[in-house]
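Below: query26.txt (compact mmCIF, C-alpha atoms and all ligand atoms)
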# COMPACT_ATOMS: atom_id res chain seq x y z
CA MET A 479 0.00 0.00 0.00
CA PHE A 480 2.73 2.43 1.06
CA ALA A 481 4.83 1.48 -1.98
CA ALA A 482 1.85 2.06 -4.26
CA LEU A 483 1.20 5.46 -2.68
CA LEU A 484 4.87 6.39 -2.95
CA LEU A 485 4.94 5.37 -6.62
CA CYS A 486 1.84 7.41 -7.19
CA LEU A 487 3.40 10.51 -5.56
CA VAL A 488 6.62 10.06 -7.52
CA GLY A 489 4.52 9.74 -10.67
CA ILE A 490 2.83 13.05 -9.93
CA ALA A 491 6.09 14.79 -9.10
CA VAL A 492 7.65 13.59 -12.36
CA ALA A 493 4.59 14.56 -14.38
CA GLN A 494 4.62 18.04 -12.86
CA ARG A 495 8.23 18.87 -13.63
CA PRO A 496 8.09 20.44 -17.09
CA GLN A 497 10.39 18.89 -19.62
CA PRO A 498 12.19 21.21 -22.05
CA CYS A 499 10.66 20.87 -25.49
CA THR A 500 12.67 20.91 -28.72
CA THR A 501 12.33 23.90 -31.04
CA PRO A 502 12.38 23.15 -34.78
CA PRO A 503 15.92 23.94 -36.00
CA GLN A 504 14.79 26.06 -38.96
CA TRP A 505 12.01 28.60 -38.96
CA GLU A 506 11.05 32.08 -40.12
CA GLY A 507 9.03 34.78 -38.48
CA ARG A 508 8.61 38.46 -37.81
CA VAL A 509 10.63 39.82 -34.92
CA PHE A 510 10.39 42.92 -32.82
CA ASP A 511 13.39 43.68 -30.62
CA ILE A 512 13.81 46.70 -28.38
CA ASN A 513 16.45 47.90 -25.94
CA GLU A 514 15.83 51.31 -24.46
CA GLN A 515 19.23 51.73 -22.84
CA GLN A 516 21.07 50.93 -26.08
CA LYS A 517 18.60 53.09 -28.09
CA PHE A 518 18.09 50.07 -30.29
CA SER A 519 14.97 48.75 -31.92
CA LEU A 520 14.45 46.35 -34.78
CA GLU A 521 11.41 45.17 -36.65
CA GLY A 522 11.95 42.70 -39.43
CA LYS A 523 11.72 39.26 -40.86
CA LEU A 524 14.07 36.64 -39.43
CA SER A 525 15.15 33.44 -41.18
CA TYR A 526 16.82 31.21 -38.62
CA ASP A 527 18.89 28.07 -39.11
CA ALA A 528 20.24 26.41 -35.96
CA VAL A 529 21.70 23.52 -37.98
CA TYR A 530 24.33 25.61 -39.77
CA HIS A 531 24.25 28.62 -37.41
CA ARG A 532 23.09 31.30 -39.79
CA GLU A 533 20.40 33.92 -39.74
CA ARG A 534 19.09 36.67 -41.93
CA ILE A 535 17.13 39.69 -40.76
CA VAL A 536 15.51 41.99 -43.30
CA ASP A 537 14.24 45.18 -41.68
CA GLU A 538 10.67 46.14 -42.25
CA ILE A 539 10.86 49.45 -44.07
CA ASP A 540 8.70 52.26 -42.78
CA GLU A 541 8.05 54.40 -45.89
CA GLY A 542 8.62 58.08 -45.26
CA SER A 543 10.96 57.50 -42.33
CA THR A 544 14.48 58.91 -42.57
CA ALA A 545 15.94 55.99 -40.64
CA ASP A 546 18.37 53.51 -42.20
CA TYR A 547 17.11 50.04 -43.03
CA TYR A 548 19.26 46.96 -43.34
CA ASP A 549 19.34 43.44 -44.68
CA VAL A 550 21.79 41.50 -42.52
CA LEU A 551 23.01 38.01 -43.33
CA SER A 552 25.05 36.44 -40.53
CA LEU A 553 27.02 33.24 -41.14
CA PHE A 554 28.24 32.36 -37.65
CA ASP A 555 30.27 29.25 -38.56
CA SER A 556 32.33 31.42 -40.95
CA ARG A 557 32.17 34.40 -38.51
CA VAL A 558 31.21 36.74 -41.36
CA GLU A 559 28.28 39.07 -41.74
CA PHE A 560 26.98 41.00 -44.78
CA VAL A 561 25.19 44.24 -43.93
CA TYR A 562 23.28 45.81 -46.80
CA ASN A 563 22.00 49.36 -46.29
CA PHE A 564 18.80 49.88 -48.32
CA LYS A 565 19.09 53.68 -48.34
CA ALA A 566 22.79 53.98 -49.25
CA ARG A 567 22.48 50.86 -51.45
CA ASN A 568 25.84 49.62 -50.27
CA CYS A 569 27.03 46.57 -48.41
CA THR A 570 29.58 46.07 -45.65
CA ARG A 571 31.27 42.78 -44.92
CA ARG A 572 32.41 42.42 -41.32
CA GLU A 573 33.61 39.86 -38.86
CA ILE A 574 31.03 38.56 -36.37
CA GLN A 575 32.12 39.26 -32.80
CA ARG A 576 29.10 37.97 -30.91
CA PRO A 577 28.39 34.31 -30.25
CA TRP A 578 25.63 32.39 -32.05
CA ARG A 579 22.35 32.76 -30.18
CA ASP A 580 20.22 29.70 -29.98
CA PHE A 581 16.50 30.21 -29.56
CA GLY A 582 15.91 26.73 -28.18
CA ILE A 583 15.61 25.80 -24.49
CA ARG A 584 19.05 25.06 -23.06
CA PRO A 585 19.67 22.04 -20.82
CA THR A 586 20.73 24.36 -17.96
CA ASP A 587 17.58 26.54 -18.12
CA ARG A 588 15.24 26.51 -15.13
CA SER A 589 11.51 26.04 -15.66
CA TYR A 590 9.19 28.84 -14.58
CA GLY A 591 6.17 26.69 -15.40
CA GLU A 592 3.47 27.20 -17.95
CA ALA A 593 0.89 29.92 -18.48
CA TYR A 594 -1.59 31.27 -20.94
CA ILE A 595 -0.74 34.50 -22.74
CA GLY A 596 -4.15 36.08 -22.98
CA SER A 597 -6.73 33.78 -21.47
CA SER A 598 -7.94 30.21 -21.47
CA VAL A 599 -11.52 31.28 -20.67
CA PHE A 600 -12.71 31.03 -24.28
CA PRO A 601 -11.33 29.01 -27.17
CA SER A 602 -8.77 30.99 -29.27
CA THR A 603 -8.23 33.73 -26.71
CA GLY A 604 -4.87 32.53 -25.49
CA VAL A 605 -1.75 30.59 -26.25
CA LEU A 606 -0.27 28.19 -23.70
CA VAL A 607 3.43 28.85 -23.27
CA THR A 608 6.27 27.17 -21.40
CA ILE A 609 8.60 29.60 -19.58
CA TRP A 610 12.32 29.09 -18.93
CA ALA A 611 15.08 31.22 -17.43
CA GLY A 612 18.83 31.06 -17.63
CA ASN A 613 21.95 33.05 -18.29
CA PHE A 614 24.98 33.07 -20.53
CA THR A 615 28.34 34.79 -20.37
CA LEU A 616 29.71 36.75 -23.31
CA PRO A 617 33.39 36.60 -24.31
CA SER A 618 33.66 40.01 -22.57
CA ASN A 619 32.62 38.19 -19.32
CA ASP A 620 29.33 40.10 -19.08
CA THR A 621 26.58 37.81 -17.84
CA ILE A 622 23.20 38.11 -19.51
CA ASP A 623 20.13 36.77 -17.70
CA TYR A 624 17.08 35.84 -19.70
CA VAL A 625 13.52 34.63 -19.39
CA SER A 626 12.07 33.09 -22.55
CA THR A 627 8.76 31.64 -23.60
CA TRP A 628 7.88 29.03 -26.22
CA THR A 629 4.50 27.74 -27.33
CA TYR A 630 3.60 24.65 -25.33
CA THR A 631 2.46 22.99 -28.56
CA GLY A 632 5.19 22.99 -31.21
CA CYS A 633 7.86 24.64 -29.01
CA LEU A 634 8.03 27.78 -31.17
CA PRO A 635 9.70 30.87 -29.70
CA VAL A 636 7.31 33.56 -28.44
CA SER A 637 9.48 36.03 -26.54
CA ARG A 638 12.79 36.59 -24.84
CA THR A 639 13.56 39.21 -22.20
CA THR A 640 17.23 39.67 -21.38
CA TYR A 641 18.91 41.69 -18.69
CA SER A 642 22.50 42.64 -17.95
CA ASP A 643 24.10 45.41 -15.90
CA LYS A 644 26.05 46.58 -18.92
CA PHE A 645 23.42 46.47 -21.67
CA GLY A 646 20.20 46.96 -19.70
CA SER A 647 17.08 45.05 -20.64
CA SER A 648 15.86 44.03 -24.07
CA HIS A 649 12.64 42.52 -25.15
CA LEU A 650 12.39 40.35 -28.24
CA SER A 651 9.06 39.08 -29.56
CA PHE A 652 8.32 36.64 -32.38
CA TYR A 653 5.20 36.66 -34.54
CA ASP A 654 3.70 34.59 -37.37
CA ILE A 655 6.32 31.85 -37.21
CA THR A 656 6.48 29.29 -40.00
CA VAL A 657 8.58 26.14 -39.75
CA GLY A 658 11.32 25.58 -42.36
CA ILE A 659 13.00 27.98 -44.78
CA SER A 660 10.77 29.16 -47.63
CA ASP A 661 13.52 30.50 -49.95
CA PRO A 662 16.51 28.13 -50.21
CA ASN A 663 18.68 31.09 -51.33
CA VAL A 664 17.98 33.19 -48.26
CA PHE A 665 21.44 32.44 -46.82
CA ILE A 666 23.26 33.46 -50.03
CA PRO A 667 24.63 37.04 -49.84
CA ARG A 668 23.04 39.73 -52.00
CA ARG A 669 24.75 40.51 -55.32
CA GLU A 670 25.77 43.92 -53.92
CA CYS A 671 27.73 42.22 -51.13
CA VAL A 672 30.10 40.06 -53.15
CA SER A 673 32.56 40.36 -56.03
CA ALA A 674 31.65 39.20 -59.56
CA GLU A 675 33.81 36.15 -59.04
CA GLU A 676 32.18 35.29 -55.73
CA TRP A 677 28.75 35.74 -57.29
CA GLU A 678 29.67 33.28 -60.06
CA ASN A 679 30.63 30.73 -57.41
CA ARG A 680 28.02 31.73 -54.85
CA TYR A 681 26.51 28.26 -54.30
CA ALA A 682 29.88 26.59 -53.85
CA LEU A 683 31.17 29.43 -51.66
CA PHE A 684 28.19 30.23 -49.48
CA ASP A 685 25.66 27.43 -49.64
CA VAL A 686 27.92 24.61 -48.50
CA PRO A 687 27.84 24.50 -44.72
CA HIS A 688 31.09 25.01 -42.83
CA LYS A 689 32.88 26.49 -45.87
CA LYS A 690 35.49 29.04 -44.87
CA ILE A 691 34.51 32.46 -46.15
CA HIS A 692 36.97 35.33 -46.06
C1 LIG B 1 27.54 53.35 -47.45
O1 LIG B 1 26.96 54.62 -47.58
C2 LIG B 1 26.93 55.37 -46.36
C3 LIG B 1 26.13 56.63 -46.62
O2 LIG B 1 26.49 57.26 -47.83
C4 LIG B 1 28.36 55.65 -45.92
O3 LIG B 1 28.35 56.36 -44.71
C5 LIG B 1 29.09 54.33 -45.73
O4 LIG B 1 30.44 54.54 -45.41
C6 LIG B 1 29.00 53.48 -47.01
N1 LIG B 1 29.55 52.17 -46.74
C7 LIG B 1 30.28 51.51 -47.65
C8 LIG B 1 30.74 50.15 -47.25
O5 LIG B 1 30.57 51.96 -48.74
C1 LIG B 2 23.38 31.03 -14.26
O1 LIG B 2 22.65 29.83 -14.43
C2 LIG B 2 23.14 28.76 -13.65
C3 LIG B 2 22.41 27.49 -14.07
O2 LIG B 2 21.02 27.68 -14.13
C4 LIG B 2 22.94 29.10 -12.16
O3 LIG B 2 23.42 28.06 -11.36
C5 LIG B 2 23.70 30.38 -11.86
O4 LIG B 2 23.45 30.78 -10.54
C6 LIG B 2 23.31 31.50 -12.81
N1 LIG B 2 24.21 32.63 -12.64
C7 LIG B 2 23.77 33.86 -12.46
C8 LIG B 2 24.83 34.90 -12.35
O5 LIG B 2 22.59 34.13 -12.40
C1 LIG B 3 37.05 36.51 -18.41
O1 LIG B 3 37.27 35.75 -17.24
C2 LIG B 3 38.26 34.76 -17.39
C3 LIG B 3 38.31 33.89 -16.12
O2 LIG B 3 37.96 34.62 -14.97
C4 LIG B 3 39.60 35.43 -17.68
O3 LIG B 3 40.61 34.46 -17.87
C5 LIG B 3 39.46 36.27 -18.96
O4 LIG B 3 40.65 36.97 -19.21
C6 LIG B 3 38.31 37.24 -18.83
N1 LIG B 3 38.10 37.89 -20.13
C7 LIG B 3 37.91 39.21 -20.25
C8 LIG B 3 37.67 39.71 -21.62
O5 LIG B 3 37.91 39.97 -19.28
Give the structure from this file in structure tokens form.
Amino acid sequence: MFAALLLCLVGIAVAQRPQPCTTPPQWEGRVFDINEQQKFSLEGKLSYDAVYHRERIVDEIDEGSTADYYDVLSLFDSRVEFVYNFKARNCTRREIQRPWRDFGIRPTDRSYGEAYIGSSVFPSTGVLVTIWAGNFTLPSNDTIDYVSTWTYTGCLPVSRTTYSDKFGSSHLSFYDITVGISDPNVFIPRRECVSAEEWENRYALFDVPHKKIH
């Protein structure tokens, strides 16, 4: 009897400890990122590939604004980034200094449970999310704390709030996520960003994962 009760309690305890879900490795979506302290905000479309550590963010252009808008392709395994400025119509190639950021739940993250964004009172008024917190340390030794949410069903990223003494707090939200990469050429640099010779060889140079790009 006691053993049965104990097993039952253990069963409940195990069932109640949320398990980290696995985010699809490739997806696309709209992102909105803001950091007041850094005077930084970004609204654009993100294509994300955790298999080969690459991402592309194309800013959403606000017609009539005098701000600069960019199309940024970041190839983290090659540590190179192509930054195209829509207004100046020029492209800068630069070395990536920051580490790859993974939008999946890390094994060291702590669960903050589950909750509905919106409400569960009526059908379609809320989305059930799983909430996890953790931290990572940059090469500069600054520690960044974060709390992130993913949809309970499908494990798709919903938001990430980060905080550090040095950079302040940022809030990143994801919308309208689709799984997979719709345009297979999205991780090829724009024509403006490469030489004629590189453009000729663009699939061999840029599409093959882990190729060294200089
Ligand atoms: C692109 O154009 C802007 C504005 O004219 C200029 O400040 C910048 O240096 C240019 N960058 C490159 C890589 O030519
Ligand atoms: C970072 O996360 C680890 C693992 O969850 C935790 O043990 C540690 O206390 C955290 N460090 C800071 C500075 O919050
Ligand atoms: C970061 O901390 C490690 C260990 O404490 C140290 O060896 C390294 O030099 C530090 N790096 C920077 C950029 O301060």
**Report entry** Among listed residues A:Ile659, A:Cys499, A:Val636, A:Val672, nearest ligand LIG 1 (chain B) (using only C-alpha atoms and all ligand atoms)
**Finding:** A:Val672
Near ligand LIG 3 (chain B), 7 Å: chain A residue rows, closest pairs, all atoms listed in the file, as CSV:
residue,atom,partner,partner_atom,distance
A:Pro617,CA,B:LIG3,C8,5.9
A:Ser618,CA,B:LIG3,C8,4.1
A:Asn619,CA,B:LIG3,C1,4.8
Would you put the residues from that selection into a file with C-alpha atoms, as a short mmCIF file (atom, residue, chain, number, x, y, z; two decimals), keeping the file's coordinate frame?
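Saved as selection01.cif:
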data_model
loop_
_atom_site.label_atom_id
_atom_site.label_comp_id
_atom_site.auth_asym_id
_atom_site.auth_seq_id
_atom_site.Cartn_x
_atom_site.Cartn_y
_atom_site.Cartn_z
CA PRO A 617 33.39 36.60 -24.31
CA SER A 618 33.66 40.01 -22.57
CA ASN A 619 32.62 38.19 -19.32
#
Query raised in the report: Using only C-alpha atoms, which of A:Gly646, A:Ala611, A:Asp685, A:Arg567 sits nearest Thr586 (chain A)?
Result: A:Ala611
Report task. May I ask which of the residues A:Thr544, A:Thr656, A:Gln504, A:Thr640 is the closest one to ligand LIG 2 (chain B), counting all atoms listed in the file? Result -> A:Thr640
Query raised in the report: Residues within 12 Å of ligand LIG 1 (chain B) (all atoms listed in the file), as number ranges by chain?
Result: A: 545-548, 560-572, 670-672
Query raised in the report: Can you tell me, as a list in words, what residues are no more than 10 Å from Glu514 (chain A) when counting only C-alpha atoms, ignoring any on the same chain fewer than 4 positions away?
Result: Phe518, Ser519, Phe645, Gly646, Ser647, Ser648 and His649 of chain A
Edge lengths and centre in Å to one decimal, as AutoDock Vina command-line options, is what I'm after for the box along x, y and z that holds all listed atoms of region 538-553 of chain A once 4 Å is added on each side.
--center_x 17.5 --center_y 46.1 --center_z -43.2 --size_x 27.0 --size_y 33.7 --size_z 13.4
Report task. Dump the neighbourhood of ligand LIG 2 (chain B) as a list in words: all residues within 7 Å, distances computed on only C-alpha atoms and all ligand atoms. Result -> Thr586, Asp587, Arg588, Gly612, Asn613, Phe614, Thr621 and Asp623 of chain A
Report task. Select, counting only C-alpha atoms, all protein, DNA and RNA residues no farther than 12 Å from (17.0, 24.5, -20.4) in file coordinates, and express the selection as a list of chain:residue names. Result -> A:Pro496, A:Gln497, A:Pro498, A:Cys499, A:Thr500, A:Thr501, A:Asp580, A:Phe581, A:Gly582, A:Ile583, A:Arg584, A:Pro585, A:Thr586, A:Asp587, A:Arg588, A:Ser589, A:Tyr590, A:Thr608, A:Ile609, A:Trp610, A:Ala611, A:Gly612, A:Asn613, A:Phe614, A:Tyr624, A:Val625, A:Ser626, A:Thr627, A:Trp628
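Of note, CA of Trp505 (chain A) and CA of Thr615 (chain A) are spaced 25.5 Å apart.
Coordinates place CA of Leu551 (chain A) at a distance of 6.8 Å from CA of Phe665 (chain A).
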Query raised in the report: Of the candidates A:Asp620, A:Asp643, A:Asp661, A:Glu541, which shows the shortest atom-to-atom distance to Tyr526 (chain A), using only C-alpha atoms?
Result: A:Asp661
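Counting from CA of Val536 (chain A), the distance to CA of Glu521 (chain A) is 8.4 Å.
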Query raised in the report: Which polymer residues, protein or nucleic acid, are no farther than 7 Å from (21.0, 35.7, -40.5), counting all atoms listed in the file, as a PyMOL selection string?
Result: chain A and resi 525-526+532-535+550-553
Since the input lacks some atoms of region 619-630 of chain A, please model all heavy atoms and print them as a PDB file, in the coordinates of the input.
ATOM      1  N   ASN A 619      32.919  38.589 -20.708  1.00  0.00           N
ATOM      2  CA  ASN A 619      32.620  38.190 -19.320  1.00  0.00           C
ATOM      3  C   ASN A 619      31.390  38.894 -18.754  1.00  0.00           C
ATOM      4  O   ASN A 619      31.149  38.807 -17.560  1.00  0.00           O
ATOM      5  CB  ASN A 619      33.822  38.413 -18.380  1.00  0.00           C
ATOM      6  CG  ASN A 619      34.867  37.318 -18.555  1.00  0.00           C
ATOM      7  OD1 ASN A 619      34.612  36.296 -19.170  1.00  0.00           O
ATOM      8  ND2 ASN A 619      36.042  37.561 -18.006  1.00  0.00           N
ATOM      9  N   ASP A 620      30.599  39.552 -19.572  1.00  0.00           N
ATOM     10  CA  ASP A 620      29.330  40.100 -19.080  1.00  0.00           C
ATOM     11  C   ASP A 620      28.305  38.974 -19.075  1.00  0.00           C
ATOM     12  O   ASP A 620      28.160  38.254 -20.054  1.00  0.00           O
ATOM     13  CB  ASP A 620      28.830  41.212 -20.016  1.00  0.00           C
ATOM     14  CG  ASP A 620      29.746  42.418 -19.967  1.00  0.00           C
ATOM     15  OD1 ASP A 620      29.901  42.974 -18.874  1.00  0.00           O
ATOM     16  OD2 ASP A 620      30.325  42.769 -21.017  1.00  0.00           O
ATOM     17  N   THR A 621      27.617  38.848 -17.935  1.00  0.00           N
ATOM     18  CA  THR A 621      26.580  37.810 -17.840  1.00  0.00           C
ATOM     19  C   THR A 621      25.238  38.403 -18.223  1.00  0.00           C
ATOM     20  O   THR A 621      24.885  39.483 -17.786  1.00  0.00           O
ATOM     21  CB  THR A 621      26.539  37.224 -16.420  1.00  0.00           C
ATOM     22  OG1 THR A 621      27.782  36.584 -16.188  1.00  0.00           O
ATOM     23  CG2 THR A 621      25.422  36.191 -16.273  1.00  0.00           C
ATOM     24  N   ILE A 622      24.526  37.689 -19.072  1.00  0.00           N
ATOM     25  CA  ILE A 622      23.200  38.110 -19.510  1.00  0.00           C
ATOM     26  C   ILE A 622      22.185  37.114 -18.964  1.00  0.00           C
ATOM     27  O   ILE A 622      22.314  35.911 -19.198  1.00  0.00           O
ATOM     28  CB  ILE A 622      23.121  38.108 -21.063  1.00  0.00           C
ATOM     29  CG1 ILE A 622      24.333  38.827 -21.650  1.00  0.00           C
ATOM     30  CG2 ILE A 622      21.764  38.597 -21.538  1.00  0.00           C
ATOM     31  CD1 ILE A 622      24.095  40.055 -22.401  1.00  0.00           C
ATOM     32  N   ASP A 623      21.215  37.615 -18.209  1.00  0.00           N
ATOM     33  CA  ASP A 623      20.130  36.770 -17.700  1.00  0.00           C
ATOM     34  C   ASP A 623      18.959  36.862 -18.667  1.00  0.00           C
ATOM     35  O   ASP A 623      18.719  37.934 -19.233  1.00  0.00           O
ATOM     36  CB  ASP A 623      19.665  37.280 -16.334  1.00  0.00           C
ATOM     37  CG  ASP A 623      20.707  37.035 -15.265  1.00  0.00           C
ATOM     38  OD1 ASP A 623      21.156  35.885 -15.143  1.00  0.00           O
ATOM     39  OD2 ASP A 623      21.079  38.009 -14.585  1.00  0.00           O
ATOM     40  N   TYR A 624      18.243  35.786 -18.824  1.00  0.00           N
ATOM     41  CA  TYR A 624      17.080  35.840 -19.700  1.00  0.00           C
ATOM     42  C   TYR A 624      15.916  35.010 -19.173  1.00  0.00           C
ATOM     43  O   TYR A 624      16.107  34.072 -18.396  1.00  0.00           O
ATOM     44  CB  TYR A 624      17.420  35.382 -21.131  1.00  0.00           C
ATOM     45  CG  TYR A 624      18.025  34.002 -21.199  1.00  0.00           C
ATOM     46  CD1 TYR A 624      17.213  32.876 -21.159  1.00  0.00           C
ATOM     47  CD2 TYR A 624      19.398  33.827 -21.267  1.00  0.00           C
ATOM     48  CE1 TYR A 624      17.765  31.598 -21.195  1.00  0.00           C
ATOM     49  CE2 TYR A 624      19.955  32.567 -21.309  1.00  0.00           C
ATOM     50  CZ  TYR A 624      19.136  31.457 -21.267  1.00  0.00           C
ATOM     51  OH  TYR A 624      19.691  30.207 -21.287  1.00  0.00           O
ATOM     52  N   VAL A 625      14.729  35.413 -19.595  1.00  0.00           N
ATOM     53  CA  VAL A 625      13.520  34.630 -19.390  1.00  0.00           C
ATOM     54  C   VAL A 625      12.873  34.522 -20.766  1.00  0.00           C
ATOM     55  O   VAL A 625      12.660  35.536 -21.427  1.00  0.00           O
ATOM     56  CB  VAL A 625      12.533  35.299 -18.407  1.00  0.00           C
ATOM     57  CG1 VAL A 625      11.270  34.453 -18.258  1.00  0.00           C
ATOM     58  CG2 VAL A 625      13.179  35.530 -17.056  1.00  0.00           C
ATOM     59  N   SER A 626      12.608  33.290 -21.210  1.00  0.00           N
ATOM     60  CA  SER A 626      12.070  33.090 -22.550  1.00  0.00           C
ATOM     61  C   SER A 626      10.819  32.246 -22.510  1.00  0.00           C
ATOM     62  O   SER A 626      10.645  31.426 -21.604  1.00  0.00           O
ATOM     63  CB  SER A 626      13.091  32.384 -23.439  1.00  0.00           C
ATOM     64  OG  SER A 626      14.265  33.139 -23.554  1.00  0.00           O
ATOM     65  N   THR A 627       9.971  32.449 -23.499  1.00  0.00           N
ATOM     66  CA  THR A 627       8.760  31.640 -23.600  1.00  0.00           C
ATOM     67  C   THR A 627       8.686  30.980 -24.974  1.00  0.00           C
ATOM     68  O   THR A 627       9.136  31.558 -25.969  1.00  0.00           O
ATOM     69  CB  THR A 627       7.483  32.474 -23.382  1.00  0.00           C
ATOM     70  OG1 THR A 627       7.471  33.539 -24.326  1.00  0.00           O
ATOM     71  CG2 THR A 627       7.409  33.056 -21.995  1.00  0.00           C
ATOM     72  N   TRP A 628       8.128  29.785 -24.979  1.00  0.00           N
ATOM     73  CA  TRP A 628       7.880  29.030 -26.220  1.00  0.00           C
ATOM     74  C   TRP A 628       6.450  28.525 -26.168  1.00  0.00           C
ATOM     75  O   TRP A 628       5.928  28.282 -25.063  1.00  0.00           O
ATOM     76  CB  TRP A 628       8.811  27.812 -26.281  1.00  0.00           C
ATOM     77  CG  TRP A 628      10.245  28.120 -26.548  1.00  0.00           C
ATOM     78  CD1 TRP A 628      10.876  28.090 -27.761  1.00  0.00           C
ATOM     79  CD2 TRP A 628      11.255  28.490 -25.600  1.00  0.00           C
ATOM     80  NE1 TRP A 628      12.206  28.431 -27.617  1.00  0.00           N
ATOM     81  CE2 TRP A 628      12.461  28.671 -26.309  1.00  0.00           C
ATOM     82  CE3 TRP A 628      11.253  28.691 -24.212  1.00  0.00           C
ATOM     83  CZ2 TRP A 628      13.648  29.037 -25.682  1.00  0.00           C
ATOM     84  CZ3 TRP A 628      12.439  29.060 -23.594  1.00  0.00           C
ATOM     85  CH2 TRP A 628      13.624  29.232 -24.320  1.00  0.00           C
ATOM     86  N   THR A 629       5.841  28.329 -27.334  1.00  0.00           N
ATOM     87  CA  THR A 629       4.500  27.740 -27.330  1.00  0.00           C
ATOM     88  C   THR A 629       4.593  26.335 -26.757  1.00  0.00           C
ATOM     89  O   THR A 629       5.537  25.595 -27.052  1.00  0.00           O
ATOM     90  CB  THR A 629       3.908  27.670 -28.754  1.00  0.00           C
ATOM     91  OG1 THR A 629       4.783  26.911 -29.592  1.00  0.00           O
ATOM     92  CG2 THR A 629       3.724  29.059 -29.341  1.00  0.00           C
ATOM     93  N   TYR A 630       3.609  25.984 -25.935  1.00  0.00           N
ATOM     94  CA  TYR A 630       3.600  24.650 -25.330  1.00  0.00           C
ATOM     95  C   TYR A 630       3.461  23.600 -26.429  1.00  0.00           C
ATOM     96  O   TYR A 630       4.123  22.580 -26.415  1.00  0.00           O
ATOM     97  CB  TYR A 630       2.436  24.550 -24.339  1.00  0.00           C
ATOM     98  CG  TYR A 630       2.419  23.249 -23.600  1.00  0.00           C
ATOM     99  CD1 TYR A 630       3.263  23.056 -22.512  1.00  0.00           C
ATOM    100  CD2 TYR A 630       1.573  22.215 -23.995  1.00  0.00           C
ATOM    101  CE1 TYR A 630       3.279  21.850 -21.832  1.00  0.00           C
ATOM    102  CE2 TYR A 630       1.577  21.010 -23.318  1.00  0.00           C
ATOM    103  CZ  TYR A 630       2.431  20.834 -22.239  1.00  0.00           C
ATOM    104  OH  TYR A 630       2.443  19.641 -21.577  1.00  0.00           O
TER     105      TYR A 630
END
